[in-house]
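To be precise, the following lines are entry.cif, and they hold mmCIF, C-alpha atoms.
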data_model
#
loop_
_atom_site.label_atom_id
_atom_site.label_comp_id
_atom_site.auth_asym_id
_atom_site.auth_seq_id
_atom_site.Cartn_x
_atom_site.Cartn_y
_atom_site.Cartn_z
CA MET M 1 82.37 74.61 48.97
CA ARG M 2 79.28 73.64 46.94
CA ILE M 3 81.08 70.56 45.68
CA TRP M 4 81.86 69.58 49.28
CA ILE M 5 78.25 70.04 50.33
CA ILE M 6 76.84 67.98 47.50
CA SER M 7 79.40 65.20 47.70
CA THR M 8 79.12 64.97 51.48
CA ALA M 9 75.36 64.88 51.35
CA LEU M 10 75.33 62.16 48.71
CA MET M 11 77.93 60.10 50.54
CA LEU M 12 76.11 60.22 53.84
CA ALA M 13 72.75 59.65 52.25
CA SER M 14 74.02 56.48 50.60
CA ILE M 15 75.46 55.20 53.87
CA VAL M 16 72.35 55.53 55.96
CA SER M 17 69.66 54.88 53.41
CA ASN M 18 69.68 51.20 54.32
CA ALA M 19 69.27 51.81 58.04
CA GLN M 20 66.05 50.78 59.77
CA GLU M 21 63.93 52.71 62.26
CA ASN M 22 66.04 55.71 61.65
CA PHE M 23 65.37 59.21 60.51
CA PHE M 24 67.91 61.03 58.40
CA SER M 25 67.86 64.42 56.76
CA VAL M 26 70.15 66.41 54.53
CA THR M 27 69.33 70.08 54.13
CA TYR M 28 70.64 73.15 52.45
CA GLY M 29 71.01 75.68 55.22
CA MET M 30 70.78 79.46 54.99
CA GLY M 31 71.37 81.77 57.92
CA LEU M 32 70.26 85.18 59.15
CA PRO M 33 72.61 86.61 61.81
CA THR M 34 70.91 88.08 64.87
CA ALA M 35 71.89 90.21 67.89
CA GLU M 36 75.64 90.71 68.33
CA THR M 37 76.44 88.34 65.49
CA ALA M 38 74.50 90.70 63.20
CA ASP M 39 76.53 93.63 64.54
CA PHE M 40 79.64 91.88 63.24
CA ILE M 41 78.12 90.44 60.04
CA ASP M 42 74.66 91.43 58.92
CA ASP M 43 74.67 89.79 55.51
CA TYR M 44 72.46 86.76 54.94
CA SER M 45 74.35 83.50 54.56
CA TRP M 46 73.64 81.42 51.47
CA ARG M 47 76.31 78.87 52.32
CA GLY M 48 75.35 76.02 54.59
CA VAL M 49 74.47 72.39 55.01
CA ASN M 50 72.92 70.34 57.80
CA LEU M 51 73.01 66.62 58.46
CA GLU M 52 70.76 64.91 60.97
CA TRP M 53 70.26 61.39 62.22
CA LYS M 54 67.73 60.17 64.76
CA LYS M 55 66.78 56.92 66.35
CA MET M 56 63.01 56.62 66.65
CA VAL M 57 62.34 55.71 70.29
CA LYS M 58 58.58 56.01 69.81
CA SER M 59 56.50 56.28 66.67
CA ASN M 60 56.47 60.05 67.05
CA VAL M 61 59.66 60.76 69.04
CA GLY M 62 63.19 60.64 67.72
CA VAL M 63 66.45 61.11 69.57
CA GLY M 64 69.69 61.73 67.74
CA PHE M 65 72.23 64.31 66.74
CA THR M 66 72.88 66.88 64.10
CA THR M 67 75.85 68.60 62.62
CA GLY M 68 76.35 71.10 59.86
CA TRP M 69 78.17 74.08 58.54
CA ASN M 70 77.26 77.69 57.90
CA VAL M 71 79.52 80.39 56.51
CA PHE M 72 78.80 84.08 57.03
CA ASP M 73 80.84 86.80 55.40
CA ASP M 74 80.73 90.55 55.05
CA PHE M 75 82.86 93.41 53.76
CA VAL M 76 83.16 96.72 55.61
CA ASN M 77 84.63 99.55 53.57
CA LYS M 78 87.01 101.62 55.71
CA GLY M 79 85.47 100.45 58.94
CA SER M 80 86.74 101.92 62.20
CA TYR M 81 87.46 100.49 65.59
CA THR M 82 88.20 102.70 68.61
CA ASP M 83 90.01 101.54 71.71
CA GLY M 84 90.42 104.33 74.26
CA THR M 85 92.08 107.24 72.47
CA THR M 86 93.21 105.13 69.51
CA THR M 87 91.16 104.69 66.37
CA TYR M 88 91.97 102.19 63.62
CA THR M 89 90.43 102.35 60.16
CA ALA M 90 90.86 99.82 57.37
CA ASN M 91 88.92 97.70 54.94
CA GLN M 92 87.55 94.71 56.78
CA TYR M 93 86.72 91.26 55.45
CA ARG M 94 84.71 89.50 58.13
CA TYR M 95 83.90 85.80 58.33
CA ILE M 96 82.17 83.41 60.69
CA ASN M 97 82.25 79.64 60.17
CA VAL M 98 79.84 77.74 62.41
CA PHE M 99 79.87 73.97 62.93
CA PRO M 100 77.18 72.75 65.33
CA VAL M 101 77.54 69.31 66.89
CA MET M 102 74.34 68.79 68.84
CA ALA M 103 72.23 66.11 70.48
CA ASN M 104 68.52 66.58 69.98
CA VAL M 105 65.04 65.23 70.55
CA THR M 106 62.16 65.70 68.14
CA TYR M 107 58.44 65.35 68.56
CA TYR M 108 56.45 64.63 65.38
CA LEU M 109 52.84 65.69 65.66
CA ASP M 110 51.45 62.90 63.50
CA PRO M 111 53.92 60.81 61.48
CA ASP M 112 51.07 59.39 59.38
CA ALA M 113 49.65 62.74 58.28
CA SER M 114 50.11 64.21 54.82
CA VAL M 115 51.89 67.17 56.43
CA ILE M 116 53.98 66.37 59.49
CA PRO M 117 54.76 69.32 61.74
CA PHE M 118 57.53 68.76 64.23
CA GLY M 119 59.43 70.51 66.96
CA THR M 120 63.00 69.87 68.05
CA ILE M 121 65.17 70.91 70.96
CA GLY M 122 68.91 70.50 70.59
CA ALA M 123 71.88 71.17 72.82
CA GLY M 124 75.58 70.66 72.47
CA THR M 125 78.53 72.54 71.10
CA TYR M 126 79.17 74.98 68.31
CA ARG M 127 82.65 75.20 66.84
CA ILE M 128 82.89 78.83 65.72
CA LEU M 129 85.74 80.36 63.72
CA GLN M 130 85.43 84.13 63.62
CA ARG M 131 87.86 86.12 61.53
CA ASN M 132 88.33 89.78 60.72
CA GLU M 133 90.91 90.59 58.05
CA PHE M 134 91.39 94.18 59.18
CA GLY M 135 93.76 95.91 56.77
CA PRO M 136 97.12 94.26 57.41
CA LEU M 137 95.90 92.61 60.61
CA LEU M 138 94.23 89.27 61.09
CA ILE M 139 92.05 89.07 64.17
CA GLU M 140 90.82 85.57 64.71
CA GLU M 141 88.89 83.72 67.39
CA LYS M 142 88.46 79.94 67.35
CA ASN M 143 86.33 78.54 70.12
CA TRP M 144 84.04 75.73 71.16
CA HIS M 145 80.82 77.21 72.50
CA PHE M 146 78.08 75.56 74.50
CA GLY M 147 74.75 76.24 72.87
CA PHE M 148 71.25 75.14 72.13
CA TYR M 149 68.57 75.51 69.52
CA PRO M 150 64.80 75.25 69.21
CA GLU M 151 63.54 74.23 65.81
CA VAL M 152 60.15 73.95 64.15
CA GLY M 153 59.39 72.56 60.74
CA VAL M 154 57.31 70.36 58.54
CA ILE M 155 57.92 67.19 56.59
CA LEU M 156 55.97 66.69 53.40
CA PRO M 157 55.76 62.97 52.66
CA THR M 158 56.01 62.03 49.02
CA TYR M 159 55.21 58.38 49.67
CA GLY M 160 58.34 57.59 47.70
CA SER M 161 61.87 56.98 48.89
CA VAL M 162 62.43 60.48 50.28
CA ASP M 163 60.31 63.24 51.80
CA PHE M 164 60.66 67.00 51.67
CA PHE M 165 61.93 68.71 54.78
CA PHE M 166 61.61 72.37 55.81
CA SER M 167 62.61 73.90 59.11
CA THR M 168 63.58 77.07 60.95
CA ARG M 169 66.14 76.83 63.71
CA TYR M 170 67.27 79.50 66.14
CA ASN M 171 70.89 78.77 67.00
CA TYR M 172 72.36 80.28 70.16
CA ALA M 173 75.98 79.81 71.26
CA PHE M 174 77.15 81.22 74.56
CA LYS M 175 80.35 83.26 74.76
CA ALA M 176 83.39 81.07 75.31
CA GLY M 177 87.16 81.30 75.29
CA ASP M 178 88.38 84.58 73.82
CA ALA M 179 85.08 85.23 72.04
CA ARG M 180 83.76 88.69 72.77
CA TRP M 181 80.05 87.96 72.50
CA ASP M 182 77.35 85.30 72.25
CA GLN M 183 76.70 84.15 68.71
CA SER M 184 73.25 83.60 67.30
CA TYR M 185 71.54 83.19 63.98
CA LEU M 186 68.30 82.02 62.51
CA GLY M 187 68.72 79.04 60.20
CA PHE M 188 66.39 78.25 57.33
CA ASN M 189 66.73 74.68 56.09
CA ILE M 190 65.34 73.04 52.98
CA GLY M 191 66.09 69.49 52.02
CA ILE M 192 65.13 65.88 52.01
CA SER M 193 64.59 63.30 54.70
CA TYR M 194 64.51 59.53 54.92
CA TRP M 195 62.22 57.91 57.43
CA HIS M 196 62.04 54.15 57.70
CA MET I 1 76.71 51.03 59.64
CA LYS I 2 75.90 53.62 62.32
CA ASN I 3 79.50 53.58 63.46
CA LEU I 4 80.64 54.20 59.92
CA THR I 5 78.17 57.05 59.61
CA LEU I 6 79.47 58.60 62.82
CA LYS I 7 83.05 58.30 61.61
CA VAL I 8 82.27 59.90 58.29
CA ILE I 9 80.40 62.78 59.91
CA GLY I 10 83.16 63.18 62.48
CA ALA I 11 85.78 63.30 59.74
CA VAL I 12 83.79 65.89 57.82
CA ILE I 13 83.40 68.07 60.92
CA ILE I 14 87.09 67.82 61.80
CA ALA I 15 88.18 68.59 58.24
CA PHE I 16 85.87 71.58 57.88
CA GLY I 17 86.26 72.70 61.48
CA LEU I 18 90.02 72.98 61.14
CA ALA I 19 89.94 74.91 57.92
CA GLY I 20 86.84 77.00 57.63
CA CYS I 21 85.78 78.73 54.45
CA TYR I 22 86.91 82.26 53.61
CA PRO I 23 85.53 83.37 50.25
CA ASP I 24 86.61 86.49 48.36
CA GLN I 25 90.30 86.17 49.15
CA LEU I 26 91.49 88.36 46.28
CA ARG I 27 92.68 91.70 47.56
CA GLY I 28 93.89 95.00 46.17
CA TYR I 29 96.59 97.21 47.61
CA SER I 30 94.09 99.46 49.34
CA ASP I 31 92.71 96.49 51.29
CA TYR I 32 95.96 96.43 53.26
CA ASP I 33 95.96 100.12 54.10
CA MET I 34 95.35 101.11 57.68
CA VAL I 35 94.99 104.46 59.37
CA VAL I 36 95.67 104.73 63.08
CA THR I 37 95.21 107.92 65.07
CA ASP I 38 95.82 108.58 68.74
CA TYR I 39 95.69 111.62 70.99
CA ASP I 40 96.70 112.74 74.45
CA SER I 41 93.54 112.65 76.55
CA LYS I 42 94.93 115.38 78.82
CA VAL I 43 95.06 117.89 75.96
CA ASN I 44 92.24 120.34 75.43
CA PHE I 45 92.29 120.87 71.67
CA ASP I 46 89.99 123.86 71.99
CA THR I 47 92.98 125.83 73.27
CA TYR I 48 94.85 125.29 70.00
CA SER I 49 93.89 126.98 66.76
CA THR I 50 97.11 127.75 64.86
CA PHE I 51 99.65 125.37 63.39
CA HIS I 52 103.02 125.52 61.76
CA LEU I 53 103.80 122.91 59.12
CA PRO I 54 107.44 122.52 57.98
CA ASP I 55 107.54 121.81 54.26
CA THR I 56 109.81 118.77 54.53
CA VAL I 57 108.92 115.15 55.02
CA VAL I 58 111.62 113.36 57.00
CA ASP I 59 112.27 110.36 54.79
CA ILE I 60 113.57 107.27 56.59
CA ILE I 61 114.77 104.54 54.26
CA ASP I 62 117.61 102.09 54.09
CA THR I 63 120.10 103.87 51.86
CA ASN I 64 121.65 100.51 50.95
CA ASP I 65 118.36 99.33 49.49
CA THR I 66 118.46 100.35 45.85
CA LYS I 67 114.84 99.27 45.28
CA ILE I 68 113.39 102.04 47.42
CA HIS I 69 113.97 105.57 46.22
CA PRO I 70 113.89 108.71 48.37
CA LEU I 71 110.75 110.80 48.17
CA THR I 72 111.02 113.40 45.46
CA ARG I 73 110.47 117.04 46.26
CA ALA I 74 107.17 116.88 44.36
CA GLN I 75 105.99 113.91 46.40
CA GLN I 76 106.87 115.64 49.66
CA THR I 77 105.05 118.77 48.53
CA ALA I 78 101.95 116.74 47.68
CA ILE I 79 101.91 115.07 51.11
CA ILE I 80 102.44 118.36 52.94
CA ALA I 81 99.75 120.06 50.86
CA GLU I 82 97.25 117.33 51.73
CA ILE I 83 97.95 117.69 55.44
CA ARG I 84 97.74 121.48 55.24
CA GLN I 85 94.41 121.37 53.43
CA ASN I 86 92.90 119.03 56.01
CA PHE I 87 93.90 121.32 58.88
CA LEU I 88 92.51 124.34 57.06
CA ASP I 89 89.29 122.46 56.32
CA LEU I 90 88.91 121.79 60.05
CA GLY I 91 89.13 125.49 60.81
CA TRP I 92 92.75 125.82 61.87
CA SER I 93 94.94 128.77 60.85
CA GLU I 94 98.45 128.31 59.51
CA VAL I 95 101.46 130.24 60.70
CA ASP I 96 103.81 130.18 57.72
CA SER I 97 106.97 131.36 59.42
CA VAL I 98 107.41 131.36 63.14
CA ASP I 99 109.52 133.69 65.22
CA SER I 100 109.38 135.00 68.75
CA ASN I 101 106.61 137.42 67.81
CA ASN I 102 104.66 135.02 65.67
CA LEU I 103 104.25 131.64 67.30
CA ALA I 104 101.98 128.75 66.41
CA ASP I 105 100.11 126.76 69.04
CA VAL I 106 101.33 123.47 67.60
CA ILE I 107 103.93 122.22 65.15
CA ILE I 108 103.10 119.46 62.69
CA THR I 109 105.92 117.09 61.77
CA THR I 110 105.73 114.56 58.98
CA THR I 111 107.84 111.42 58.64
CA ALA I 112 107.84 108.72 55.98
CA VAL I 113 109.24 105.26 56.66
CA ARG I 114 109.61 102.73 53.94
CA SER I 115 111.17 99.31 53.83
CA GLU I 116 111.03 95.97 52.10
CA PHE I 117 110.33 92.59 53.57
CA SER I 118 109.79 89.07 52.36
CA VAL I 119 106.78 86.84 52.75
CA TYR I 120 107.00 83.10 52.34
CA TYR I 121 103.89 81.64 50.76
CA GLN I 122 102.78 78.08 51.03
CA TYR I 123 100.56 76.67 48.35
CA TRP I 124 99.53 73.35 49.80
CA TYR I 125 96.29 74.91 50.90
CA SER I 126 93.20 76.15 49.12
CA TYR I 127 94.16 79.74 49.74
CA TRP I 128 97.32 81.58 50.63
CA ASP I 129 97.67 81.08 54.33
CA TYR I 130 99.79 84.05 55.20
CA TRP I 131 99.52 87.40 56.73
CA TYR I 132 101.72 90.32 57.35
CA GLY I 133 101.53 93.22 59.69
CA TRP I 134 103.40 96.01 61.27
CA GLY I 135 102.97 95.29 64.88
CA TYR I 136 100.91 94.30 67.82
CA TYR I 137 97.97 96.48 68.67
CA PRO I 138 97.20 96.06 72.36
CA GLY I 139 93.67 96.42 73.48
CA TYR I 140 92.04 95.01 70.38
CA GLY I 141 90.17 91.92 71.43
CA GLY I 142 90.69 88.58 69.88
CA GLY I 143 93.71 86.81 68.53
CA TYR I 144 96.63 88.39 66.77
CA TYR I 145 98.84 87.24 64.00
CA TYR I 146 101.96 89.30 63.75
CA PRO I 147 103.79 89.41 61.40
CA GLY I 148 102.95 85.77 60.80
CA TYR I 149 104.97 84.14 58.09
CA PRO I 150 104.06 80.49 58.57
CA TRP I 151 106.49 78.07 57.11
CA TYR I 152 105.60 74.43 57.22
CA PRO I 153 108.27 72.40 55.46
CA GLY I 154 106.91 69.24 53.98
CA TYR I 155 103.41 70.55 53.41
CA GLY I 156 103.96 71.51 49.81
CA GLY I 157 105.64 74.26 47.94
CA ILE I 158 106.98 77.47 49.32
CA TYR I 159 107.83 80.56 47.42
CA LYS I 160 109.06 83.92 48.46
CA GLU I 161 107.83 87.33 47.45
CA ASP I 162 109.18 90.73 48.40
CA TYR I 163 106.91 93.54 49.46
CA LYS I 164 107.57 97.20 49.92
CA VAL I 165 105.68 98.80 52.75
CA GLY I 166 105.45 102.39 53.74
CA SER I 167 104.02 104.57 56.40
CA ILE I 168 103.48 108.26 56.89
CA GLN I 169 103.45 109.54 60.42
CA ILE I 170 102.02 112.93 61.25
CA ASP I 171 102.70 114.28 64.75
CA MET I 172 101.26 117.32 66.42
CA VAL I 173 103.64 118.60 69.07
CA HIS I 174 102.93 121.46 71.43
CA PRO I 175 106.27 123.12 72.05
CA PHE I 176 105.18 125.21 75.02
CA ASP I 177 104.55 122.20 77.22
CA VAL I 178 108.02 120.75 77.18
CA ALA I 179 108.38 117.96 79.69
CA ASP I 180 111.12 117.71 82.30
CA ASP I 181 113.10 115.42 80.05
CA ASN I 182 113.10 118.11 77.34
CA GLU I 183 110.93 116.01 75.07
CA PHE I 184 108.18 117.66 73.12
CA PRO I 185 104.85 116.16 74.08
CA VAL I 186 102.73 114.84 71.22
CA ALA I 187 99.11 115.93 71.37
CA TRP I 188 97.93 113.97 68.36
CA SER I 189 99.46 111.56 65.89
CA ALA I 190 98.35 109.77 62.78
CA ASN I 191 99.97 106.73 61.20
CA ILE I 192 99.08 105.73 57.68
CA TYR I 193 100.28 102.28 56.69
CA GLY I 194 100.18 100.60 53.34
CA LEU I 195 101.81 98.52 50.68
CA LEU I 196 103.70 100.42 48.01
CA SER I 197 102.72 99.50 44.51
CA SER I 198 104.83 100.12 41.45
CA ASN I 199 102.17 102.55 40.28
CA GLN I 200 103.26 105.84 41.84
CA SER I 201 100.06 107.72 41.01
CA SER I 202 98.09 104.98 42.79
CA ASN I 203 100.31 105.34 45.84
CA GLU I 204 99.81 109.09 45.89
CA SER I 205 96.07 108.76 45.52
CA ARG I 206 96.01 106.38 48.49
CA TYR I 207 98.21 108.73 50.53
CA ALA I 208 95.73 111.51 49.92
CA SER I 209 92.59 109.57 50.79
CA ASN I 210 94.16 107.98 53.85
CA ILE I 211 95.50 111.31 55.15
CA GLY I 212 91.93 112.57 54.79
CA LEU I 213 90.65 109.56 56.74
CA ALA I 214 93.07 110.33 59.58
CA PHE I 215 91.49 113.76 59.96
CA ASP I 216 87.95 112.46 59.43
CA GLN I 217 88.28 110.09 62.36
CA SER I 218 89.86 112.78 64.60
CA THR I 219 86.71 114.79 65.14
CA TYR I 220 88.16 116.43 68.27
CA LEU I 221 90.46 118.50 66.00
CA LYS I 222 87.56 120.38 64.43
CA LYS I 223 87.36 124.09 65.31
#
Rewrite the structure from the file as structure tokens, please.
Amino acid sequence: MRIWIISTALMLASIVSNAQENFFSVTYGMGLPTAETADFIDDYSWRGVNLEWKKMVKSNVGVGFTTGWNVFDDFVNKGSYTDGTTTYTANQYRYINVFPVMANVTYYLDPDASVIPFGTIGAGTYRILQRNEFGPLLIEEKNWHFGFYPEVGVILPTYGSVDFFFSTRYNYAFKAGDARWDQSYLGFNIGISYWH
Amino acid sequence: MKNLTLKVIGAVIIAFGLAGCYPDQLRGYSDYDMVVTDYDSKVNFDTYSTFHLPDTVVDIIDTNDTKIHPLTRAQQTAIIAEIRQNFLDLGWSEVDSVDSNNLADVIITTTAVRSEFSVYYQYWYSYWDYWYGWGYYPGYGGGYYYPGYPWYPGYGGIYKEDYKVGSIQIDMVHPFDVADDNEFPVAWSANIYGLLSSNQSSNESRYASNIGLAFDQSTYLKK
């Protein structure tokens, strides 16, 4: 997966680096499951990437979209599940793959400052693949969820070709399809951004 | 250029969104074990305290299958001993031999079922996209794949592998509550499923720990 992340980031960065009046960022994304997502998987995710493009409609406001990928996984040794009078116990390998596809709007406090705080609101869809390899059984849910996220972060200009980008994003996907709960996680993103 | 960017991002999302990433795919035999217990909610287990445990495991195998051998007497004894010890540990008393003057509250029957089946693997993908199972488990939320042997001709190579699977079923019947149809009602049952490896001591070790799990998760049996 790391090869995919790096190659995808480089490919997309090369495509958009010539664009004008655009903002683009590529970040390494980590994730901390929260609420019911954490009940299913409580391990921190070290696997993730985020891509973002925005059109600057004002000097300090950008409108665009973002996508990405986070993978959560966990192992439960002899975990049990009870349904009525029946109890099942088996080793469980649990996974969640999350792919957000979101429109967003960002407000940059002062694009000319040496540290640029910003806030973003995004809404759209999360493609979520949840899997539990429960002993000999495979229990899988694949759904498109409506969701949203607030995000805060800072950009540290380097006055070179790229800037440093840090953000925290709270992702929330509402229950959909055969999913049994809302999904949510806190994303921590570190990367680079282009701003022309 | 923007259109190209959108197409590339869209392609990446579609490619990743279809597949997902599932690390740590390597599994051992014990990862496919499963213990399932069930009980009759109308039964008050407090009224039972003695059990009778026949010393034979009913062994159900295909006698035409030369790859699966009947349980030896020693293997049956080991399974029965494990079940006995778990009941004793929970505070039950055993009635060794029953007669009209010496009855047990419940009778414990033990059955082993073993068979072989084939799985067809496809190796066009980054991991083995297969699964096997023993059945459909109603009531468990989410999707089910059962027994799921996907075969997609034209998507790469396929190869076949044979697996031996086994299960031990333990039933607690209460013979004094015979139903109108003359069937003995089952108060509690445990099913222990697993793959059989060629290492017999490993199989026996897994039998023992999984039989223990069946009792651990049946807390209502404790005296």
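Evaluated on this file, the PyMOL selection byres ((chain M) within 6 of (chain I)) matches Thr85, Thr86, Thr87, Tyr88, Thr89, Ala90, Asn91, Asn97, Gly135, Pro136, Leu137, Leu138, Ile139, Glu140 and Glu141 of chain M.
Using only C-alpha atoms for every distance, the candidate list M:Phe65, M:Ala123, M:Arg131, M:Phe118 yields M:Arg131 as the residue closest to Gln92 (chain M).
In this comparison, which uses all atoms listed in the file, the residue of M:Asn50, M:Thr37, M:Ser193, M:Thr82 approaching Asp163 (chain M) most closely is M:Ser193.
Nearest residue to Val26 (chain M) among M:Asn104, M:Ser59, M:Asn143, M:Thr66 is M:Thr66, counting all atoms listed in the file.
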Selection under test: the PyMOL selection byres ((chain I and resi 187) around 12); residues as a PyMOL selection string: (chain M and resi 85) or (chain I and resi 37-45+47-48+105-109+170-178+184-186+188-190+218+220-221)
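We find CA of Gly124 (chain M) and CA of Val101 (chain M) to be spaced 6.1 Å apart.
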Shell of 9 Å around region 51-60 of chain I, all atoms listed in the file, local chain residues under 2 positions omitted, as a PyMOL selection string: chain I and resi 48-49+62-63+70-71+73+76-77+79-81+83-84+87+92-98+103-115+168+172
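For Phe40 (chain M), the non-local neighbours within 9 Å, defined as residues at least 3 positions apart in the same chain or in other chains and counting only C-alpha atoms, are Pro33, Glu36, Thr37, Asp74, Arg94 and Tyr95 of chain M.
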Expand the PyMOL selection byres ((chain M and resi 51-56) around 6) into the individual residues it matches in the shown file, reporting them as a short mmCIF file (atom, residue, chain, number, x, y, z; two decimals) with C-alpha atoms, in the coordinates of the input.
data_model
loop_
_atom_site.label_atom_id
_atom_site.label_comp_id
_atom_site.auth_asym_id
_atom_site.auth_seq_id
_atom_site.Cartn_x
_atom_site.Cartn_y
_atom_site.Cartn_z
CA GLU M 21 63.93 52.71 62.26
CA ASN M 22 66.04 55.71 61.65
CA PHE M 23 65.37 59.21 60.51
CA PHE M 24 67.91 61.03 58.40
CA SER M 25 67.86 64.42 56.76
CA VAL M 26 70.15 66.41 54.53
CA ASN M 50 72.92 70.34 57.80
CA VAL M 57 62.34 55.71 70.29
CA LYS M 58 58.58 56.01 69.81
CA VAL M 61 59.66 60.76 69.04
CA GLY M 62 63.19 60.64 67.72
CA VAL M 63 66.45 61.11 69.57
CA GLY M 64 69.69 61.73 67.74
CA PHE M 65 72.23 64.31 66.74
CA THR M 66 72.88 66.88 64.10
CA THR M 67 75.85 68.60 62.62
CA GLY M 68 76.35 71.10 59.86
#
CA of Val154 (chain M) to CA of Asn171 (chain M), distance in Å rounded to a single decimal: 18.1 Å
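The coordinates place CA of Arg169 (chain M) at 9.2 Å from CA of Gly31 (chain M).
Distance annotation: of M:Val49, M:Val162, M:Leu156, M:Ile128, the residue with the minimal separation from Tyr28 (chain M) is M:Val49; atom set is only C-alpha atoms.
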Take the point (51.5, 68.5, 57.1) as written in the file and pick out every residue within 8 Å of it, counting all atoms listed in the file; give the list as a PDB file with C-alpha atoms, in the frame of the given file.
ATOM      1  CA  ALA M 113      49.650  62.740  58.280  1.00  0.00           C
ATOM      2  CA  SER M 114      50.110  64.210  54.820  1.00  0.00           C
ATOM      3  CA  VAL M 115      51.890  67.170  56.430  1.00  0.00           C
ATOM      4  CA  ILE M 116      53.980  66.370  59.490  1.00  0.00           C
ATOM      5  CA  PRO M 117      54.760  69.320  61.740  1.00  0.00           C
ATOM      6  CA  VAL M 154      57.310  70.360  58.540  1.00  0.00           C
ATOM      7  CA  ILE M 155      57.920  67.190  56.590  1.00  0.00           C
ATOM      8  CA  LEU M 156      55.970  66.690  53.400  1.00  0.00           C
TER       9      LEU M 156
END
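Each of I:Ser198, I:Glu116, I:Lys222, I:Ala74 was checked against Val165 (chain I) using all atoms listed in the file; the smallest atom-to-atom distance is that of I:Glu116.
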